[in-house]
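Q: There's a structure below that I have some questions on.
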Amino acid sequence: MKFLLPPKSDGSRIELSEDARQITIIGANGSGKTRFTEYLQDKLEDSVFRISALEALSDIGRVRVEEGSIDWLYNQALASPTFLHGEALTMFERLMTLLLNEEMEKLVAYKVAVARGEDAVIPESRLDAVIRRWQEIFPDNHVLREGGGLLFSRDGDAKAYSQKRLSHGEKAVLFYFGSVLYAPVNGTVFVDNPGMFLHSSLLRRLWDTIEGMRPDCRFFYTTHDVDFAASRSENVIVWVRSYDPDNNTWDYDILPPDTGLSEEVYMALIGARRPVMFIEGDATHSIDAKLYPLIFKDHSVKALGSCNKVIEATRAFNDLKAFHHLESFGIVDRDRRDEQEVKYLRGKNIFVPDVAEIENILMLEDVVKAVAHFGGKDAYRVFNSVKEAVVKLFRHDLRQQALLHTRHRVKRTVEYRVDGRFTNINALEEHMNSLVREINPRGLYERFCREFSKYAATGDYSSILRVYNQKSMVPRSNVGTLCGLAGSKDAYVQAVLSILKTDLPDADQIRMAIRRCFGIG
């Protein structure tokens with residue numbers, strides 16, 4: 001049947017189709033996801049079945065025992081003649097007791113049927129189904145029925161052990177497999193944090209298996225795990241942004257399907273309450289990921305790796321602006337892009353600095369002076385020494401840099417100009433020959449050499465930083481030692497980062513210099 005999601009802040013409701021079997025509710029911590037699912041559970045009433053591995057493995061007493069839950073079924077079984085005992089404290093232990101109890105009941109029923117001369121077979125129990133699937137997830141683990149209980153072992157370990165020695169992840173999988181078999185027919189299963197205690201590599205296979213065990217049920221998942229949301233093949237993703245407790249309404253939407261968004265963008269969508277800034281580099285080791293959050297403190301900064309990923313993520317995010325109402329920006333190195341390329345990218349909310357790459361940002365005049373001042377040195381004298389060293393390095397690498405710029409310009413021009421509509425090879429060959437004549441690589445190279453020579457001759461420091469791609473500029477310029485820093489070659493970089501974490505005027509000077517470098521006031 002079709003059903004309505006909770007009321008939105010504007011008074012409207014979203015209706016989900018009866019065909020929706022996978023619904024994932026995502027949102028940042030504190031956004032109201034839990035209250036959202038509780039509202040749904042109250043409305044769906046009898047068909048609801050809740051699963052929480054965290055709750056199952058905890059021995060904290062639950063104030064309310066929901067009808068149809070594992071706790072409720074366990075209490076019901078205790079009230080009638082069974083093979084159960086009343087010592088199971090956690091929901092996990094109670095589930096395992098229920099499974100064993102059913103196993104014993106089926107075996108006794110089979111034995112009675114054989115004694116009566118009936119044509120009987122040993123029926124498969126829920127425990128059989130659970131053990132079979134659990135061992136598919138953990139193929140090195142084995143289960144032995146012994147003395148009305150279960151023992152476990154692993155390959156290479158001759159000694160069997162009880163369920164108490166299982167890891168939290170192993171227990172969670174057992175609980176998920178077993179508990180879902182007790183969900184009501186055509187029920188709605190609510191799963192809280194489906195990745196709890198589990199490695200991400202298990203999630204897709206595990207939940208595909210669980211959903212296959214109960215094709216009659218609909219599954220609601222509540223999570224902030226993007227990997228899990230992406231693992232569902234026919235998923236309806238409900239993004240909960242915020243909750244209004246006074247009016248019991250939510251700001252939420254259905255994430256449009258087939259957006260082409262990567263998991264990184266999903267993560268930004270889920271966690272962002274501020275404008276999003278996508279950057280190059282990795283989130284752990286790159287200078288970008290360490291520097292930019294300290295410069296753009298009013299943004300959620302997300303490292304994506306390559307330049308192309310930054311450009312694509314920014315485009316995809318901004319295409320969905322009507323959905324998430326957030327501004328999205330990207331930062332990429334200038335490298336050897338010309339003014340036309342830079343203008344195009346900036347028009348797409350991609351910030352491109354007025355220097356070649358991230359290392360050059362650290363060499364901006366006001367950044368060098370701020371670090372020198374922080375180190376108790378004469379800022380102007382230090383900068384003049386650094387400038388002299390950088391100009392000398394650039395003069396030495398001038399022709400190599402001119403060649404790199406020429407190669408980049410030729411490559412980009414060919415990519416833009418090659419026309420794919422050719423009737424024969426002769427036409428393509430003539431087109432390529434004409435391109436070579438038109439592009440004139442040698443003429444480009446000589447023009448770059450003249451331009452770069454002028455920068456070196458006049459000591460045009462800003463222009464050199466704009467065109468000079470040299471990742472070793474920081475150590476080769478000796479800027480760290482000149483600023484009074486001792487230690488490794490990374491001391492200067494660490495000093496910039498340390499200053500930015502303070503409230504000193506030097507931090508403001510660095511921050512403003514870098515923002516100006518991106519054309520931001």
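To be explicit about the labels: the chains of the structure tokens are called A, B, and onward in the order shown, and within each one the residues are counted from 1, while ligands get numbers from 1 in the order they are shown.
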Give the strand (DSSP E or B) residues of stretch 193-407 of chain A, as DSSP finds them on the backbone, and put them as JSON, numbers by chain.

A: {"A": [218, 219, 220, 221, 222, 223, 235, 236, 237, 238, 239, 240, 241, 242, 243, 244, 249, 250, 251, 252, 253, 254, 276, 277, 278, 279, 280, 281, 300, 301, 302, 303, 304, 305, 328, 329, 330, 331, 350, 351]}

Q: Within 10 Å of A:Asp298, counting only C-alpha atoms, which residues show up once you throw out same-chain ones fewer than 6 positions away? Write them as a list in words, please.

A: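 Result of the neighbour search: Arg274, Pro275, Val276 and Met277 of chain A.
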
Q: Could those residues be written to a file, using all heavy atoms, as a CSV table (one decimal), in the first residue's frame?

A:
chain,number,residue,atom,x,y,z
A,274,ARG,N,26.7,24.2,6.1
A,274,ARG,CA,27.3,25.4,5.6
A,274,ARG,C,27.7,25.2,4.2
A,274,ARG,O,27.6,24.1,3.7
A,274,ARG,CB,28.6,25.6,6.4
A,274,ARG,CG,28.4,25.8,7.9
A,274,ARG,CD,29.8,26.0,8.6
A,274,ARG,NE,30.5,24.7,8.6
A,274,ARG,CZ,31.7,24.6,9.1
A,274,ARG,NH1,32.4,25.6,9.6
A,274,ARG,NH2,32.4,23.4,9.0
A,275,PRO,N,28.0,26.2,3.4
A,275,PRO,CA,28.5,26.0,2.0
A,275,PRO,C,29.6,25.0,1.9
A,275,PRO,O,30.4,24.8,2.9
A,275,PRO,CB,29.0,27.4,1.7
A,275,PRO,CG,28.3,28.4,2.6
A,275,PRO,CD,28.1,27.6,3.9
A,276,VAL,N,29.6,24.3,0.8
A,276,VAL,CA,30.5,23.2,0.7
A,276,VAL,C,31.7,23.6,-0.2
A,276,VAL,O,31.5,24.3,-1.3
A,276,VAL,CB,29.8,21.9,0.0
A,276,VAL,CG1,30.8,20.8,-0.2
A,276,VAL,CG2,28.6,21.5,0.9
A,277,MET,N,32.9,23.2,0.2
A,277,MET,CA,34.1,23.5,-0.6
A,277,MET,C,34.8,22.2,-1.0
A,277,MET,O,35.3,21.5,-0.1
A,277,MET,CB,35.0,24.4,0.2
A,277,MET,CG,36.3,24.8,-0.6
A,277,MET,SD,36.0,26.1,-1.8
A,277,MET,CE,35.7,27.6,-0.8

Q: Find the spatial neighbours of stretch 212-215 of chain A, counting only C-alpha atoms, within a cut-off of 9 Å - ignore same-chain residues fewer than 5 positions away - and output them as a tab-separated table (two decimals) with N, CA, C and O atoms, in the first residue's frame.

A:
chain	number	residue	atom	x	y	z
A	21	ARG	N	10.59	-0.71	-1.57
A	21	ARG	CA	10.93	-1.72	-0.57
A	21	ARG	C	12.17	-1.34	0.22
A	21	ARG	O	12.42	-1.87	1.29
A	177	PHE	N	20.27	-11.86	10.94
A	177	PHE	CA	19.69	-13.01	10.23
A	177	PHE	C	18.54	-13.64	11.02
A	177	PHE	O	17.51	-14.00	10.46
A	180	VAL	N	15.21	-11.03	11.72
A	180	VAL	CA	14.36	-10.69	10.59
A	180	VAL	C	13.36	-11.81	10.28
A	180	VAL	O	12.29	-11.57	9.72
A	181	LEU	N	13.70	-13.03	10.66
A	181	LEU	CA	12.78	-14.16	10.44
A	181	LEU	C	11.56	-14.10	11.35
A	181	LEU	O	10.58	-14.81	11.12
A	183	ALA	N	10.00	-11.14	11.93
A	183	ALA	CA	9.20	-9.98	11.53
A	183	ALA	C	7.84	-10.45	11.03
A	183	ALA	O	7.71	-11.54	10.46
A	185	VAL	N	4.46	-11.01	8.78
A	185	VAL	CA	4.26	-11.16	7.34
A	185	VAL	C	3.85	-9.82	6.74
A	185	VAL	O	3.03	-9.09	7.30
A	186	ASN	N	4.48	-9.48	5.61
A	186	ASN	CA	4.24	-8.18	4.94
A	186	ASN	C	4.52	-7.01	5.87
A	186	ASN	O	3.88	-5.95	5.77
A	207	TRP	N	23.02	-7.21	3.57
A	207	TRP	CA	21.65	-6.71	3.52
A	207	TRP	C	20.91	-7.17	2.28
A	207	TRP	O	19.67	-7.27	2.30

Q: Could you jot down the atom CA of A:Asn75 to atom CA of A:Ala56 separation for me, Å, one decimal place?

A: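 We find that atom CA of A:Asn75 and atom CA of A:Ala56 lie 15.4 Å from each other.
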
Q: Please provide the set of residues having any atom within 10 Å of stretch 405-409 of chain A, restricted to only C-alpha atoms, with same-chain residues fewer than 2 positions apart removed, written as an mmCIF file with C-alpha atoms, in the first residue's frame.

A:
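Output file out_14.cif is given in full below:
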data_model
loop_
_atom_site.group_PDB
_atom_site.id
_atom_site.type_symbol
_atom_site.label_atom_id
_atom_site.label_comp_id
_atom_site.auth_asym_id
_atom_site.auth_seq_id
_atom_site.Cartn_x
_atom_site.Cartn_y
_atom_site.Cartn_z
ATOM 1 C CA ASP A 335 48.798 24.680 -13.080
ATOM 2 C CA ARG A 336 49.329 25.912 -16.666
ATOM 3 C CA ARG A 337 45.821 27.108 -17.445
ATOM 4 C CA ASP A 338 45.465 30.300 -19.494
ATOM 5 C CA ARG A 399 63.177 26.794 -20.570
ATOM 6 C CA GLN A 400 61.827 23.637 -18.988
ATOM 7 C CA GLN A 401 58.854 25.604 -17.641
ATOM 8 C CA ALA A 402 58.295 27.193 -21.069
ATOM 9 C CA LEU A 403 58.242 23.709 -22.639
ATOM 10 C CA LYS A 411 47.235 19.543 -25.761
ATOM 11 C CA ARG A 412 44.300 21.732 -24.752
ATOM 12 C CA THR A 413 44.014 23.323 -28.197
ATOM 13 C CA VAL A 414 44.007 19.930 -29.924
ATOM 14 C CA GLU A 415 41.319 18.667 -27.521
ATOM 15 C CA ILE A 439 49.116 26.143 -33.284
ATOM 16 C CA ASN A 440 52.805 26.669 -34.146
ATOM 17 C CA PRO A 441 54.366 24.901 -31.088
ATOM 18 C CA ARG A 442 57.824 26.461 -31.654
ATOM 19 C CA GLY A 443 56.329 29.918 -31.832
ATOM 20 C CA LEU A 444 54.430 29.258 -28.591
ATOM 21 C CA TYR A 445 57.577 27.993 -26.890
ATOM 22 C CA GLU A 446 59.621 31.035 -27.936
ATOM 23 C CA ARG A 447 56.853 33.364 -26.772
ATOM 24 C CA PHE A 448 56.775 31.695 -23.352
ATOM 25 C CA CYS A 449 60.582 31.940 -23.148
ATOM 26 C CA VAL A 467 53.470 30.324 -13.968
ATOM 27 C CA TYR A 468 56.131 28.383 -12.018
ATOM 28 C CA ASN A 469 55.129 24.770 -11.268
#

Q: Set the distance at 7 Å and use only C-alpha atoms: which residues neighbour A:Phe518 once local chain neighbours fewer than 2 positions away are removed? I'd like the list as JSON, numbers by chain.

A: {"A": [351, 352, 353, 354, 514, 515, 516, 520]}

Q: Return as a PyMOL selection string the full set of residues in stretch 125-299 of chain A whose backbone-based DSSP assignment is helix (DSSP H, G or I).

A: chain A and resi 126-137+163-165+168-180+200-213+226-231+263-271+287-295

Q: Hey, which of A:Arg346, A:His168, A:Arg395, A:Arg421 ends up closest to A:Ser453? Count only C-alpha atoms.

A: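 The answer is A:Arg395, which sits nearest to A:Ser453.
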
Q: Using only C-alpha atoms, can you tell me which of A:Leu150, A:Val310, A:Ala372, A:Val386 comes closest to A:Asn349?

A: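 Of the candidates, the smallest distance to A:Asn349 is held by A:Val310.
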
Q: Considering only C-alpha atoms, return as a list of chain:residue names whatever protein or nucleic-acid residues lie within 12 Å of A:Ser472, sequence-local ones (same chain, fewer than 5 positions apart) excluded.

A: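 The contact residues come out as A:Glu357, A:Ile358, A:Glu359, A:Asn360, A:Leu362, A:Met363, A:Val390, A:Leu393, A:Phe394, A:Ser477, A:Asn478, A:Val479, A:Lys489, A:Asp490.
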
Q: Residues near A:Asp59, anyone? I mean within 12 Å using only C-alpha atoms, not counting same-chain ones fewer than 6 positions away, as a ChimeraX atom specification.

A: /A:53,71,87-94

Q: Using only C-alpha atoms, pick whichever of A:Tyr461, A:Tyr182, A:Phe36, A:Tyr176 has the shortest atom-to-atom distance to A:Leu203.

A: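 Under the stated criterion, the closest residue is A:Tyr176.
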